[in-house]
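Worksheet: one structure, shown below.
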Amino acid sequence: MIGLLDDFVVRAALAGVGVALVAGPLGCFVVWRRMAYFGDTVAHAALLGVALALAFDIGVIPAVLAVAAVVALAVARGTGRRYAADTLLGVLAHGGLAVGLVVLSFLPGGRGDLSAWLFGDILAVGVGDLALIWGAAGLAGLALWWGWARLLNSTINEELAWAEGGNPERDRLLLTLALALLVAAALKVVGALLITAMLILPAAAARPLARTPEAMVLAAALIGATAALGGLRLAWVADTPAGPSMVVVALGLFVVSNLLRRA
Amino acid sequence: MSPPLPTIAPLIETRGLAYSDGPRHILHDIDMAILPGEIVTIVGPNGAGKTTLLRILIGAIRPSRGEVRRKRGLRIGYTPQKLAIDRTMPLTVDRFLKLGGGDRRARAAALESVGIANLGPAQITDLSGGELQRAALARALLRQPDLLVLDEPTQGLDQLGEAAFYRLIERVRRDTGAAVCMVSHDLHVVMSASDRVICLNGHVCCEGAPVQVTAMPEYRALFGLGTQGALALYRHEHDHAHDHDHHGEGVA
């Protein structure tokens, strides 16, 4: 088993599938709750987390979690006061990305890694990275599993959830945490710029095939995993960048599932 | 039916309730109570704070001042003003009910009681406005509530649909003994279906039985119906249909 992990292609496949299996289900919530831009913002601002992690020599995952928490808080506090939510999200997404890039440029060797953080570097995933990826993605998946019925209820209607004794605020926090964990896990796999694609595309591709939320979540996980493996194969055969190749395959699956449903 | 005697313990009661959203003062000095088995309708102009008040009652927002007292173990069934479920959510009506609780037989009975017995397997995003309201009511009923809180339950229904919906509410009250607190704009129908009307405009302007309230100067000032109160409109619906339309804007 350990011998198997010596192969960088196997490690890349495991990393891609690990992220995709959780990104699909989480992406369903992102789509249902129309949080796509929020996901994008957390992913872009995550680069600031990476820069801070490298600058202060702390773990990437806690740093990304901290940045995600600040983004979520800033959006929750600021919305409706002076700016609409999407304006604030735009400020935070691109502000975070830009500050992250500037900070990275000051770090020794930071400039060289830039494209890896932006577009992922799945073929360079080490055994330690793999453990972090599966750990973070697994935790995010566990959060969804644990809160499933409550999360569904507060996604359907927050007032209804309150009236029935739920706490949609706590549910939103849980989803934000899961999203931050997944972003941290996916940075190395698809990079900050394409994480949202791995959330949205499999979920959107799963929609025409499903009649229940569970079926959609399952289909999204499988479509995501297929896209991850297919993308790696494409990268291998055509010598294309791995992260974008995965997204291209996911896009293809999205088109196919919509054509299937129409037929 | 006259309101029950005030010695009966209320299901839910507010004292000195106020709510502000930043600089906007939406509600103040709200003292109200809902007694077991009564149908109370909250009416008021746009921005009067009707939905905010309901949201405080169900616990979705905390009041800025004052308190809400609920009977111990109070079970609330709620239908939101708009059940806007994203089209990307695959969800059958039966599953929607199941998420609120209740076994298969109870769910079927709830759908039957609101008149959409055959819609269990339908996708909830395919329902019409009226069917969606009924599905939401079925879910609320499944909780065997002491109190039904309905936010504009007839929004998007035509007049026939409205009348049928209020008959349904009355039947539910009769069959289950649940109290009903609802917000409505359909003054002329509401008046016939309520035991008590609370006229809200930031504060409780006036309240009482429909016949009393429509005679009160506060009510007339708010709805500007002059000598032809909503009740009169209701009684002479056909003669004054255009009058009602004319005043509709102020009422909404």
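If you're wondering about the labels, chains in the structure tokens are A, B, ... by order shown, residues count from 1 in each chain, ligands from 1 in order shown.
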
task = From a DSSP pass on the backbone, collect the residues of stretch 17-165 of chain B flagged as strand (DSSP E or B) and hand them back as a ChimeraX atom specification.
result = /B:17-21,24-34,39-43,65-70,76-79,92,123,147-151

message = Please check the contacts: residues of chain A at most 8 Å away from chain B, using only C-alpha atoms, listed as a PyMOL selection string.
response = chain A and resi 31-33+149+153+156-157+159-160+162-164+204+207+210-213+216

Could you please take those selected residues and save N, CA and C atoms as a PDB file, in the first residue's frame?
```pdb
ATOM      1  N   VAL A  31     -24.952  25.287  -4.770  1.00  0.00           N
ATOM      2  CA  VAL A  31     -25.897  25.559  -5.853  1.00  0.00           C
ATOM      3  C   VAL A  31     -27.294  25.832  -5.290  1.00  0.00           C
ATOM      4  N   TRP A  32     -27.760  24.985  -4.389  1.00  0.00           N
ATOM      5  CA  TRP A  32     -29.109  25.152  -3.827  1.00  0.00           C
ATOM      6  C   TRP A  32     -29.264  26.494  -3.126  1.00  0.00           C
ATOM      7  N   ARG A  33     -28.218  26.916  -2.430  1.00  0.00           N
ATOM      8  CA  ARG A  33     -28.286  28.142  -1.631  1.00  0.00           C
ATOM      9  C   ARG A  33     -27.779  29.356  -2.386  1.00  0.00           C
ATOM     10  N   ALA A 149     -29.830  16.447   7.629  1.00  0.00           N
ATOM     11  CA  ALA A 149     -31.253  16.807   7.639  1.00  0.00           C
ATOM     12  C   ALA A 149     -31.444  18.278   8.024  1.00  0.00           C
ATOM     13  N   ASN A 153     -33.035  21.286   5.704  1.00  0.00           N
ATOM     14  CA  ASN A 153     -34.162  22.088   6.158  1.00  0.00           C
ATOM     15  C   ASN A 153     -33.873  23.576   6.107  1.00  0.00           C
ATOM     16  N   ILE A 156     -33.885  24.755   2.514  1.00  0.00           N
ATOM     17  CA  ILE A 156     -35.213  24.884   1.912  1.00  0.00           C
ATOM     18  C   ILE A 156     -35.857  26.201   2.320  1.00  0.00           C
ATOM     19  N   ASN A 157     -35.844  26.501   3.607  1.00  0.00           N
ATOM     20  CA  ASN A 157     -36.415  27.773   4.069  1.00  0.00           C
ATOM     21  C   ASN A 157     -35.958  28.044   5.494  1.00  0.00           C
ATOM     22  N   GLU A 159     -36.839  30.413   7.724  1.00  0.00           N
ATOM     23  CA  GLU A 159     -37.893  30.681   8.703  1.00  0.00           C
ATOM     24  C   GLU A 159     -38.547  29.382   9.163  1.00  0.00           C
ATOM     25  N   LEU A 160     -38.808  28.514   8.182  1.00  0.00           N
ATOM     26  CA  LEU A 160     -39.416  27.226   8.492  1.00  0.00           C
ATOM     27  C   LEU A 160     -38.535  26.450   9.459  1.00  0.00           C
ATOM     28  N   TRP A 162     -36.356  27.705  11.598  1.00  0.00           N
ATOM     29  CA  TRP A 162     -36.453  28.340  12.923  1.00  0.00           C
ATOM     30  C   TRP A 162     -37.717  27.879  13.636  1.00  0.00           C
ATOM     31  N   ALA A 163     -38.845  27.946  12.902  1.00  0.00           N
ATOM     32  CA  ALA A 163     -40.139  27.638  13.526  1.00  0.00           C
ATOM     33  C   ALA A 163     -40.172  26.199  14.028  1.00  0.00           C
ATOM     34  N   GLU A 164     -39.435  25.319  13.363  1.00  0.00           N
ATOM     35  CA  GLU A 164     -39.454  23.915  13.761  1.00  0.00           C
ATOM     36  C   GLU A 164     -38.329  23.582  14.736  1.00  0.00           C
ATOM     37  N   ALA A 204     -24.094  20.791 -10.712  1.00  0.00           N
ATOM     38  CA  ALA A 204     -24.989  21.203 -11.794  1.00  0.00           C
ATOM     39  C   ALA A 204     -25.197  20.049 -12.781  1.00  0.00           C
ATOM     40  N   ARG A 207     -27.784  17.538 -11.362  1.00  0.00           N
ATOM     41  CA  ARG A 207     -29.176  17.957 -11.182  1.00  0.00           C
ATOM     42  C   ARG A 207     -30.164  17.255 -12.116  1.00  0.00           C
ATOM     43  N   ALA A 210     -31.251  13.609 -11.038  1.00  0.00           N
ATOM     44  CA  ALA A 210     -31.683  13.269  -9.680  1.00  0.00           C
ATOM     45  C   ALA A 210     -33.112  13.716  -9.386  1.00  0.00           C
ATOM     46  N   ARG A 211     -33.807  12.903  -8.560  1.00  0.00           N
ATOM     47  CA  ARG A 211     -35.136  13.284  -8.095  1.00  0.00           C
ATOM     48  C   ARG A 211     -35.177  13.473  -6.580  1.00  0.00           C
ATOM     49  N   THR A 212     -34.072  13.200  -5.910  1.00  0.00           N
ATOM     50  CA  THR A 212     -33.993  13.446  -4.469  1.00  0.00           C
ATOM     51  C   THR A 212     -32.664  14.145  -4.172  1.00  0.00           C
ATOM     52  N   PRO A 213     -32.589  14.856  -3.048  1.00  0.00           N
ATOM     53  CA  PRO A 213     -31.329  15.519  -2.702  1.00  0.00           C
ATOM     54  C   PRO A 213     -30.190  14.509  -2.549  1.00  0.00           C
ATOM     55  N   MET A 216     -28.834  13.446  -5.847  1.00  0.00           N
ATOM     56  CA  MET A 216     -28.049  14.507  -6.480  1.00  0.00           C
ATOM     57  C   MET A 216     -26.650  14.583  -5.866  1.00  0.00           C
TER      58      MET A 216
END
```

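A straight line drawn from atom CA of A:Ser105 to atom CA of A:Trp134 is 28.9 Å long.
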
task = as a PyMOL selection string, list the residues of stretch 67-214 of chain A assigned to helix (DSSP H, G or I) by DSSP on the backbone atoms of this structure.
result = chain A and resi 67-78+85-106+111-119+122-124+127-156+158-163+168-190+195-209+213-214

message = Please report the interatomic distance between atom CA of A:Glu169 and atom CA of A:Met35 in Å with one decimal.
response = 14.9 Å

query = Got a sec: who's within 9 Å of B:Asn118, counting only C-alpha atoms, leaving out chain neighbours fewer than 5 positions off, as a list of chain:residue names?
reply =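 After dropping sequence-adjacent residues, the list is B:Ala108, B:Leu111, B:Glu112.
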
For atom CA of A:Ile200 and atom CA of A:Leu253, the interatomic separation in Å (one decimal) =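 These atoms are spaced 12.2 Å apart.
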
message = Need the shell around stretch 51-53 of chain B: protein/DNA/RNA residues with any atom at most 12 Å away, counting only C-alpha atoms. Skip same-chain ones fewer than 2 positions apart. Format as a count of residues only?
response = 55

task = Name all residues at most 12 Å from stretch 82-88 of chain A (count only C-alpha atoms; drop same-chain ones fewer than 2 positions away) and give them as a list in words.
result = Arg34, Met35, Ala36, Tyr37, Phe38, Gly39, Asp40, Thr41, Val71, Ala72, Leu73, Ala74, Val75, Ala76, Arg77, Gly78, Thr79, Gly80, Gly90, Val91, Leu92, Ala93, His94, Gly95 and Gly96 of chain A; Gly22 of chain B

query = Could you name the residues that touch B:Leu142 at 7 Å or less, counting only C-alpha atoms, but leaving out those on the same chain fewer than 3 positions away, as a list in words?
reply =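 In the requested format, the answer is Gly101, Gly102, Ala106, Arg107, Ala110, Ala138 and Arg139 of chain B.
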
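For A:Ala203, the non-local neighbours within 6 Å, defined as residues at least 3 positions apart in the same chain or in other chains and counting only C-alpha atoms, are Gly24, Gly27, Cys28, Ile200, Ala206 and Ala220 of chain A.
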
Generate the output file for the selected residues, N, CA and C atoms, as a PDB file, in the first residue's frame.
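What ended up in selection_16.pdb:
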```pdb
ATOM      1  N   GLY A  24     -18.351  17.541  -4.614  1.00  0.00           N
ATOM      2  CA  GLY A  24     -19.652  17.307  -5.254  1.00  0.00           C
ATOM      3  C   GLY A  24     -20.807  17.578  -4.305  1.00  0.00           C
ATOM      4  N   GLY A  27     -20.863  21.091  -3.125  1.00  0.00           N
ATOM      5  CA  GLY A  27     -21.274  21.924  -4.249  1.00  0.00           C
ATOM      6  C   GLY A  27     -22.784  21.950  -4.419  1.00  0.00           C
ATOM      7  N   CYS A  28     -23.468  20.844  -4.087  1.00  0.00           N
ATOM      8  CA  CYS A  28     -24.933  20.832  -4.157  1.00  0.00           C
ATOM      9  C   CYS A  28     -25.509  21.926  -3.258  1.00  0.00           C
ATOM     10  N   ILE A 200     -19.246  23.644  -8.334  1.00  0.00           N
ATOM     11  CA  ILE A 200     -20.455  23.942  -9.096  1.00  0.00           C
ATOM     12  C   ILE A 200     -20.714  22.933 -10.212  1.00  0.00           C
ATOM     13  N   ALA A 206     -25.184  16.949 -11.986  1.00  0.00           N
ATOM     14  CA  ALA A 206     -25.977  15.912 -11.314  1.00  0.00           C
ATOM     15  C   ALA A 206     -27.461  16.252 -11.291  1.00  0.00           C
ATOM     16  N   ALA A 220     -23.298  13.861  -7.829  1.00  0.00           N
ATOM     17  CA  ALA A 220     -22.286  14.915  -7.904  1.00  0.00           C
ATOM     18  C   ALA A 220     -20.925  14.386  -7.470  1.00  0.00           C
TER      19      ALA A 220
END
```

inquiry  = Between B:Ala221, B:Ile12, B:Gly115, B:Gly130, which residue has the minimum interatomic distance to B:Asp158, considering only C-alpha atoms?
reply    =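 The answer is B:Gly130, which sits nearest to B:Asp158.
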
key: Proximity to A:Pro241 - best of A:Leu118, A:Ala161, A:Val183, A:Leu201, only C-alpha atoms   = A:Leu118
